[in-house]
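Q: I have a structure I would like to understand better, so I am pasting it below and will then ask my questions one at a time.
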There are 2 protein chains.
Amino acid sequence: MPDMDRWPTSRLLSTAARLVELAWNDKLRPLGLTYPAVLTLETVATSGPIAPGKLAQSVRVQAQTMGPLLTRLESRGFIHRQPNRFDRRGQLISITDLGLALLEQSHDLESTVLSAIMTDSGNLREELLAIVRHSNFS
Amino acid sequence: MPDMDRWPTSRLLSTAARLVELAWNDKLRPLGLTYPAVLTLETVATSGPIAPGKLAQSVRVQAQTMGPLLTRLESRGFIHRQPNRFDRRGQLISITDLGLALLEQSHDLESTVLSAIMTDSGNLREELLAIVRHSNFS
DNA sequence: GTAGCCTAGTAAGTAAGCTGACTATTTTGG
DNA sequence: CCAAAATAGTCAGCTTACTTACTAGGCTAC
């Protein structure tokens, strides 16, 4: 084990996140999902019909990245794309029953990933929230 | 701003890390570097001549990913590849003066990235360290 | 000493992210 | 009302990471 104590905090953060994401991906692979895909499904499920651009903002990927991701999710029948009647440039994404069922399964994994890697201390949450909030995103 | 308070901790962690990494990449682009590249240079600088496989472990990418990364760094003259005299399968990577100079520049960025995104609270460090340690890597 | 296994590194193919440029709409301002 | 600016989404091209599969060299044990 290298001398992590001397690592800058940003590196610790990246490394911890990388470990969590790898753990997630291991669990999600059997379901045929990736972590951004789960975040997307999650957002669609809670927000109701939503534009791809908004989804990209929420998951923090580029709009050009969200497009193909939605295509993959659609081809597997997890989401549904509709034209937006009020703005012919736009679309509205909604989640299907199949997508909801899958999301349910991934929720069950959540606790596994967390407990495997970290003891959820409450304090950590606050500090991470502060970081995300301090960054000038909306 | 979405209801981040209800996000699972793992998502907060991923998001925070993503923000930090995006901030890093913005700063590093003028130098022609990526964040994994900096981590690699850093490791080489502190460890002295080291095998590509060890580097991959340290930066937590696959050995197959480290190979091309080293090729890129070598083609720009930041590192130097030598055959390992004692094991003809292996190589030894060392950093060049040019690489050291670049690393110096990236160090100056560190504080910028940190202060822009987070107030370094000390507590956070401990918790992140705990996460990384609890994951069964060595 | 040689057969079998382990380790170091690479190659090929796929997935998924980013930037830059484009089209099609909608909104805004004179 | 119409020209200019803004917005939604996509396409093309590049980068980089991953998985799977391979070669070359070294190690171990009979």
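Starting from 1 in every chain, residues are counted up; chains themselves are A, B, ... following the order of the structure tokens, and ligands are numbered from 1 as listed.
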List every residue of chain B that has an atom at most 10 Å from any atom of chain D, giving for each one its closest atom pair and the distance in Å to one decimal, counting only C-alpha atoms (C1' of nucleotides), sorted by chain and then by ascending residue number, as JSON lines.
A:
{"residue": "B:Val61", "atom": "CA", "partner": "D:DA17", "partner_atom": "C1'", "distance": 8.1}
{"residue": "B:Gln62", "atom": "CA", "partner": "D:DC18", "partner_atom": "C1'", "distance": 7.9}
{"residue": "B:Gln64", "atom": "CA", "partner": "D:DC18", "partner_atom": "C1'", "distance": 8.8}
{"residue": "B:Thr65", "atom": "CA", "partner": "D:DA17", "partner_atom": "C1'", "distance": 6.7}
{"residue": "B:Met66", "atom": "CA", "partner": "D:DA17", "partner_atom": "C1'", "distance": 9.9}
{"residue": "B:Pro68", "atom": "CA", "partner": "D:DT16", "partner_atom": "C1'", "distance": 9.2}
{"residue": "B:Leu69", "atom": "CA", "partner": "D:DT16", "partner_atom": "C1'", "distance": 8.8}
{"residue": "B:Asp87", "atom": "CA", "partner": "D:DG25", "partner_atom": "C1'", "distance": 7.8}
{"residue": "B:Arg88", "atom": "CA", "partner": "D:DG25", "partner_atom": "C1'", "distance": 6.5}
{"residue": "B:Arg89", "atom": "CA", "partner": "D:DG25", "partner_atom": "C1'", "distance": 5.4}
{"residue": "B:Gly90", "atom": "CA", "partner": "D:DG25", "partner_atom": "C1'", "distance": 9.0}
Q: So which residues touch B:Gln82 within 12 Å, counting only C-alpha atoms (C1' of nucleotides), skipping near sequence neighbours fewer than 2 positions away, as a PDB file with N, CA and C atoms, in the first residue's frame?
A:
ATOM      1  N   PRO B  49      12.587   4.306 -10.848  1.00  0.00           N
ATOM      2  CA  PRO B  49      12.304   3.355 -11.921  1.00  0.00           C
ATOM      3  C   PRO B  49      11.349   2.261 -11.461  1.00  0.00           C
ATOM      4  N   ILE B  50      10.302   2.039 -12.227  1.00  0.00           N
ATOM      5  CA  ILE B  50       9.210   1.174 -11.789  1.00  0.00           C
ATOM      6  C   ILE B  50       8.620   0.471 -12.991  1.00  0.00           C
ATOM      7  N   ALA B  51       8.060  -0.726 -12.756  1.00  0.00           N
ATOM      8  CA  ALA B  51       7.483  -1.515 -13.843  1.00  0.00           C
ATOM      9  C   ALA B  51       6.098  -0.989 -14.196  1.00  0.00           C
ATOM     10  N   PRO B  52       5.731  -1.051 -15.485  1.00  0.00           N
ATOM     11  CA  PRO B  52       4.405  -0.598 -15.920  1.00  0.00           C
ATOM     12  C   PRO B  52       3.272  -1.237 -15.128  1.00  0.00           C
ATOM     13  N   GLU B  74       5.770   8.836 -23.300  1.00  0.00           N
ATOM     14  CA  GLU B  74       7.125   8.672 -23.821  1.00  0.00           C
ATOM     15  C   GLU B  74       7.307   9.487 -25.096  1.00  0.00           C
ATOM     16  N   ILE B  79       8.617  10.662 -20.039  1.00  0.00           N
ATOM     17  CA  ILE B  79       9.168   9.499 -19.345  1.00  0.00           C
ATOM     18  C   ILE B  79      10.132   8.762 -20.271  1.00  0.00           C
ATOM     19  N   HIS B  80      10.781   7.768 -19.696  1.00  0.00           N
ATOM     20  CA  HIS B  80      11.785   7.012 -20.425  1.00  0.00           C
ATOM     21  C   HIS B  80      11.559   5.540 -20.120  1.00  0.00           C
ATOM     22  N   ASN B  84      14.297  -4.144 -18.530  1.00  0.00           N
ATOM     23  CA  ASN B  84      14.747  -4.540 -17.195  1.00  0.00           C
ATOM     24  C   ASN B  84      15.816  -5.624 -17.352  1.00  0.00           C
ATOM     25  N   ARG B  85      17.007  -5.296 -16.917  1.00  0.00           N
ATOM     26  CA  ARG B  85      18.132  -6.195 -17.143  1.00  0.00           C
ATOM     27  C   ARG B  85      17.950  -7.543 -16.448  1.00  0.00           C
ATOM     28  N   PHE B  86      17.177  -7.514 -15.362  1.00  0.00           N
ATOM     29  CA  PHE B  86      17.076  -8.731 -14.546  1.00  0.00           C
ATOM     30  C   PHE B  86      15.844  -9.576 -14.860  1.00  0.00           C
ATOM     31  N   ASP B  87      14.995  -9.063 -15.698  1.00  0.00           N
ATOM     32  CA  ASP B  87      13.804  -9.823 -16.098  1.00  0.00           C
ATOM     33  C   ASP B  87      13.432  -9.378 -17.502  1.00  0.00           C
ATOM     34  N   ARG B  88      13.765 -10.212 -18.454  1.00  0.00           N
ATOM     35  CA  ARG B  88      13.648  -9.754 -19.833  1.00  0.00           C
ATOM     36  C   ARG B  88      12.213  -9.590 -20.310  1.00  0.00           C
ATOM     37  N   ARG B  89      11.249 -10.001 -19.447  1.00  0.00           N
ATOM     38  CA  ARG B  89       9.853  -9.703 -19.809  1.00  0.00           C
ATOM     39  C   ARG B  89       9.525  -8.250 -19.515  1.00  0.00           C
ATOM     40  N   GLY B  90      10.234  -7.700 -18.557  1.00  0.00           N
ATOM     41  CA  GLY B  90       9.801  -6.429 -17.968  1.00  0.00           C
ATOM     42  C   GLY B  90      10.490  -5.194 -18.493  1.00  0.00           C
ATOM     43  N   GLN B  91       9.953  -4.058 -18.084  1.00  0.00           N
ATOM     44  CA  GLN B  91      10.541  -2.771 -18.409  1.00  0.00           C
ATOM     45  C   GLN B  91      10.654  -1.969 -17.125  1.00  0.00           C
ATOM     46  N   LEU B  92      11.391  -0.897 -17.220  1.00  0.00           N
ATOM     47  CA  LEU B  92      11.450   0.032 -16.100  1.00  0.00           C
ATOM     48  C   LEU B  92      11.186   1.436 -16.634  1.00  0.00           C
ATOM     49  N   ILE B  93      10.279   2.115 -15.981  1.00  0.00           N
ATOM     50  CA  ILE B  93       9.896   3.458 -16.399  1.00  0.00           C
ATOM     51  C   ILE B  93      10.551   4.462 -15.475  1.00  0.00           C
ATOM     52  N   SER B  94      11.144   5.479 -16.067  1.00  0.00           N
ATOM     53  CA  SER B  94      11.636   6.572 -15.218  1.00  0.00           C
ATOM     54  C   SER B  94      11.196   7.905 -15.824  1.00  0.00           C
ATOM     55  N   ILE B  95      11.203   8.931 -15.001  1.00  0.00           N
ATOM     56  CA  ILE B  95      10.727  10.235 -15.448  1.00  0.00           C
ATOM     57  C   ILE B  95      11.908  11.051 -15.960  1.00  0.00           C
TER      58      ILE B  95
END
Q: When you look at B:Leu103 with a cut-off of 12 Å (counting only C-alpha atoms (C1' of nucleotides)), what residues show up, excluding the ones that are within fewer than 6 positions of it in the same chain? I need them as a list of chain:residue names.
A: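 The contact residues come out as B:Leu28, B:Leu31, B:Gly32, B:Leu33, B:Thr34, B:Tyr35, B:Ala37, B:Val38, B:Leu39, B:Thr40, B:Leu41, B:Glu42, B:Thr43, B:Val44, B:Ala45, B:Thr46, B:Phe78, B:Ile79, B:Ile95, B:Thr96, B:Asp97, B:Leu109, B:Glu110.
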Q: Put those residues in a file: C-alpha atoms, as a PDB file, in the first residue's frame.
A:
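Below is the file that was written, part_30.pdb:
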ATOM      1  CA  LEU B  28      -4.518  20.240 -17.379  1.00  0.00           C
ATOM      2  CA  LEU B  31      -0.415  21.332 -20.492  1.00  0.00           C
ATOM      3  CA  GLY B  32      -1.493  18.495 -22.774  1.00  0.00           C
ATOM      4  CA  LEU B  33      -2.066  16.140 -19.868  1.00  0.00           C
ATOM      5  CA  THR B  34      -4.924  14.136 -18.440  1.00  0.00           C
ATOM      6  CA  TYR B  35      -5.514  13.346 -14.814  1.00  0.00           C
ATOM      7  CA  ALA B  37      -1.262  10.951 -16.787  1.00  0.00           C
ATOM      8  CA  VAL B  38      -0.462  13.233 -13.866  1.00  0.00           C
ATOM      9  CA  LEU B  39      -1.004  10.428 -11.383  1.00  0.00           C
ATOM     10  CA  THR B  40       1.350   8.281 -13.400  1.00  0.00           C
ATOM     11  CA  LEU B  41       4.063  10.920 -13.560  1.00  0.00           C
ATOM     12  CA  GLU B  42       3.633  11.507  -9.865  1.00  0.00           C
ATOM     13  CA  THR B  43       4.088   7.842  -9.047  1.00  0.00           C
ATOM     14  CA  VAL B  44       7.111   7.493 -11.269  1.00  0.00           C
ATOM     15  CA  ALA B  45       8.633  10.590  -9.735  1.00  0.00           C
ATOM     16  CA  THR B  46       8.290   9.358  -6.182  1.00  0.00           C
ATOM     17  CA  PHE B  78       8.063  13.001 -20.251  1.00  0.00           C
ATOM     18  CA  ILE B  79       9.168   9.499 -19.345  1.00  0.00           C
ATOM     19  CA  ILE B  95      10.727  10.235 -15.448  1.00  0.00           C
ATOM     20  CA  THR B  96      12.720  12.711 -17.523  1.00  0.00           C
ATOM     21  CA  ASP B  97      13.709  16.236 -16.587  1.00  0.00           C
ATOM     22  CA  LEU B 109      -2.577  23.723 -10.179  1.00  0.00           C
ATOM     23  CA  GLU B 110      -3.426  21.461  -7.276  1.00  0.00           C
TER      24      GLU B 110
END
Q: Show me, as a VMD selection string, every residue of chain C with an atom at most 8 Å from chain B, counting only C-alpha atoms (C1' of nucleotides).
A: chain C and resid 8 to 10
Q: Do a neighbour search on A:Leu22 at 12 Å with only C-alpha atoms (C1' of nucleotides), toss out local chain neighbours closer than 2 positions, and write the hits as a count of residues only.
A: 23
Q: Would you mind reading off the distance between atom C1' of C:DA12 and atom CA of A:Leu73, one decimal, in Å?
A: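 Straight-line distance from atom C1' of C:DA12 to atom CA of A:Leu73 works out to 26.9 Å.
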Q: Using DSSP on the backbone coordinates, identify all residues within stretch 3-137 of chain B classified as helix (DSSP H, G or I); present the result as a PyMOL selection string.
A: chain B and resi 4-6+9-31+35-47+52-59+63-75+97-117+123-134
Q: So what do you get for atom CA of B:Met4 versus atom CA of A:Val59, distance-wise?
A: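 Calculated distance between atom CA of B:Met4 and atom CA of A:Val59 is 11.8 Å.
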Q: Separation of atom C1' of C:DT28 and atom CA of A:Ser58, in Å?
A: 27.9 Å
